[in-house]
Amino acid sequence: MRYVLIGLLFLGFGTLQGQRKAHKRGQRDSIKKAMLIELKTYRVSLINKALDLDEKSSIAFFAVYDSYFQSTSTLKKTFNKKWRGTSKSEMTEIEATEYLNDVLNLRKREIALLEDVSTNLKGIIPMVKIIELPILEKKVKRKLVQKARELRKKRNN
């Protein structure tokens, strides 16, 4: 009987530990979601400010631009997933040819997507701003990384 009680005590303690870990994991997930929402809002505000968009044109712009951004991101992730961990200097001739073909296909798809998005954005923003989008993307990305670091520091303190 004594061993049964001790066994139940250990089971109860283990369950409590598991619940605490699940609670902490839930807190971390909610903090990450809040950070992502804040970063997305910050991204939208940076782009709106740089392109001088009002509310109506901002909604129209992001309806087109977000799908383009998501598509290019998916293409790059697929490419990187396939070639991650592969050293270019250690590739065989066949692998190098396949790699080059994949790079060229990636660039062709990116150009086709850019062509589509620029056509769709013509009525929303001027062409001068459309041609500045790649540079703007890089600037926004740098600022987002910096903001994410600030948020992490703030969260850890």
# chains A, B, ... in the order shown; residues from 1 in each chain; ligands from 1
>>> residues_around(residues="range 138-145 of chain A", least_positions_apart="3", cutoff="7 Å", atoms="only C-alpha atoms", output="NGL selection string")
:A and (39 or 43 or 46 or 134-135 or 148-149)
>>> residues_around(residues="range 61-77 of chain A", least_positions_apart="4", cutoff="8 Å", atoms="only C-alpha atoms", output="PyMOL selection string")
chain A and resi 57+81+106+110+113-114+117+120-121+124-125
>>> residues_around(residues="Arg152 in chain A", least_positions_apart="5", cutoff="12 Å", atoms="only C-alpha atoms", output="list of chain:residue names")
A:Arg28, A:Ile31, A:Lys32, A:Ala34, A:Met35, A:Leu36, A:Leu39, A:Val145, A:Gln146, A:Lys147, A:Asn157
>>> write_last_selection(atoms="C-alpha atoms", output="PDB file, in the first residue's frame")
ATOM      1  CA  ARG A  28       6.077  31.730 -25.232  1.00  0.00           C
ATOM      2  CA  ILE A  31       4.549  36.274 -26.898  1.00  0.00           C
ATOM      3  CA  LYS A  32       5.862  35.183 -30.306  1.00  0.00           C
ATOM      4  CA  ALA A  34       2.336  39.272 -30.318  1.00  0.00           C
ATOM      5  CA  MET A  35       5.841  40.009 -31.638  1.00  0.00           C
ATOM      6  CA  LEU A  36       4.869  38.849 -35.136  1.00  0.00           C
ATOM      7  CA  LEU A  39       6.466  43.341 -36.681  1.00  0.00           C
ATOM      8  CA  VAL A 145      15.500  42.629 -38.136  1.00  0.00           C
ATOM      9  CA  GLN A 146      16.599  45.544 -35.967  1.00  0.00           C
ATOM     10  CA  LYS A 147      13.084  45.884 -34.494  1.00  0.00           C
ATOM     11  CA  ASN A 157      14.795  41.932 -19.633  1.00  0.00           C
TER      12      ASN A 157
END
>>> atom_distance(atom1="CA of Leu136 in chain A", atom2="CA of Tyr99 in chain A")
28.7 Å
>>> atom_distance(atom1="CA of Val103 in chain A", atom2="CA of Lys122 in chain A")
28.4 Å
>>> atom_distance(atom1="CA of Thr41 in chain A", atom2="CA of Thr78 in chain A")
26.3 Å
